[in-house]
Amino acid sequence: MVETAEDLAPSMGDVLVKTLACGICGSDLHALKHGHEMVRNQKETGGPLVYDADRDLVMGHEFCVEILDKGQGVDDDLRVGDVVCSFPILLRPDGIHTIGYSNEYPGGYAEHMLLSSQLLLPVRNGLAPELAALTEPMAVGRHAVEKSHATSDDVCLVVGCGPVGLAVIAALKQKGLGPVFAADFSPRRRQLAEVMGADEVLDPAVTSPYESWQQAAWPEGVDRDDPTLRLGTTKPKPGLIFECVGIPGVIDQIMHGAMRDTRIVVVGVCMESDNVRPLTGIGKELNIQFVLGYTREEFADTLRGISEGDLIVDQLVTGRVGLEGVAQAFQDLGDPEAHAKIMVEPWR
């Protein structure tokens, strides 16, 4: 639904901005379907995404914007007309408001937003706004890789090659790590995984990703069914799996397919209850790490990497819509063969 809102005015330390491009995130799709459950969980755990799911809000937290006006106290280095990105939060005397999940302050699907000037980052090198807007989702992958403590010794498997999985692949390859195996049922997503640098891309309907991944980890000629391997005389390279699907059952499936001592990083956001078999993790001594978001440093370095060509993200943008097209875009994103990332351009 498209509505006209009251004009915004920047307060102390704020800037008024015009949205140039804003990506539609999988979290937005989840929030539309599971909003009440998400808010309830965030309140229980002290998470940031707390809002009234029965009231209207303007989503959008993956954005690139242009400064239109400045409030008092804004640094002179920031000028009207500057193109910038920002950590998607707004600092206020009453606390921190999460842009895109706030009933009070609009997100990037709006024509105008308010942002905190101290969080702005300049977009350099003439980078196109739709590519700069990919900073936020790509930073999610970067954070997952940093939290995994991945090294050149690891054999990595990325399960799920939607935008989150692609961001993980890109971050691993940006750090020069590999081999990186990637698995997805979607031919289009497997193609994009190759573009992002995956060393081997697998169709789980044809080839077990866990079998291929383990073959690369174990020394050639080792009988993996040999019970004496549990004595530790021969060991595989360290295994590292990134779960980037976010639907019930996948974590348990990964635990079943993992090698002993594998580190599993859960990046996919599952909005429903899930079941795992603890004895599987106990027997294999698995390590499961859950991750969320990114740090300010990771966000800034991701923008730098995109603007300087270290992160090639051009092919991730598969569609552009104006405000009238957002509802249809939400539906279209349900088809992995059709789209990876759709950009909202409110002035389109």
# chains A, B, ... in the order shown; residues from 1 in each chain; ligands from 1

$ closest_atom_pairs --of "range 22-115 of chain A" --to "range 313-320 of chain A" --cutoff "12 Å" --atoms "only C-alpha atoms" --output "JSON lines"
{"residue": "A:Cys22", "atom": "CA", "partner": "A:Arg320", "partner_atom": "CA", "distance": 9.5}
{"residue": "A:Gly23", "atom": "CA", "partner": "A:Val317", "partner_atom": "CA", "distance": 8.8}
{"residue": "A:Ile24", "atom": "CA", "partner": "A:Arg320", "partner_atom": "CA", "distance": 10.1}

$ select_by_dssp --residues "range 129-297 of chain A" --states "strand (DSSP E)" --output "JSON, numbers by chain"
{"A": [155, 156, 157, 158, 159, 180, 181, 182, 183, 200, 201, 202, 239, 240, 241, 242, 243, 263, 264, 265, 266, 287, 288, 289, 290]}

$ residues_around --residues "range 128-137 of chain A" --least-positions-apart "5" --cutoff "8 Å" --atoms "only C-alpha atoms" --output "VMD selection string"
chain A and resid 20 to 23 25 61 to 65 85 87 123 163 to 164 167 299 302 to 303 306 to 307 313 to 314 317 343

$ select_by_dssp --residues "range 44-128 of chain A" --states "helix (DSSP H, G or I)" --output "PDB file with C-alpha atoms, in the first residue's frame"
ATOM      1  CA  GLU A  44      12.206 -12.295  24.882  1.00  0.00           C
ATOM      2  CA  THR A  45      15.850 -12.175  23.798  1.00  0.00           C
ATOM      3  CA  SER A 117      24.895  11.884  10.577  1.00  0.00           C
ATOM      4  CA  GLN A 118      27.606  10.193  12.659  1.00  0.00           C
ATOM      5  CA  LEU A 119      26.800   6.842  11.042  1.00  0.00           C
TER       6      LEU A 119
END

$ residues_around --residues "range 270-274 of chain A" --least-positions-apart "4" --cutoff "9 Å" --atoms "only C-alpha atoms" --output "list in words"
His30, Ala31, His34, Glu37, Met38, Val245, Gly246, Ile247, Pro248, Gly249, Val250, Ile251 and Asp252 of chain A
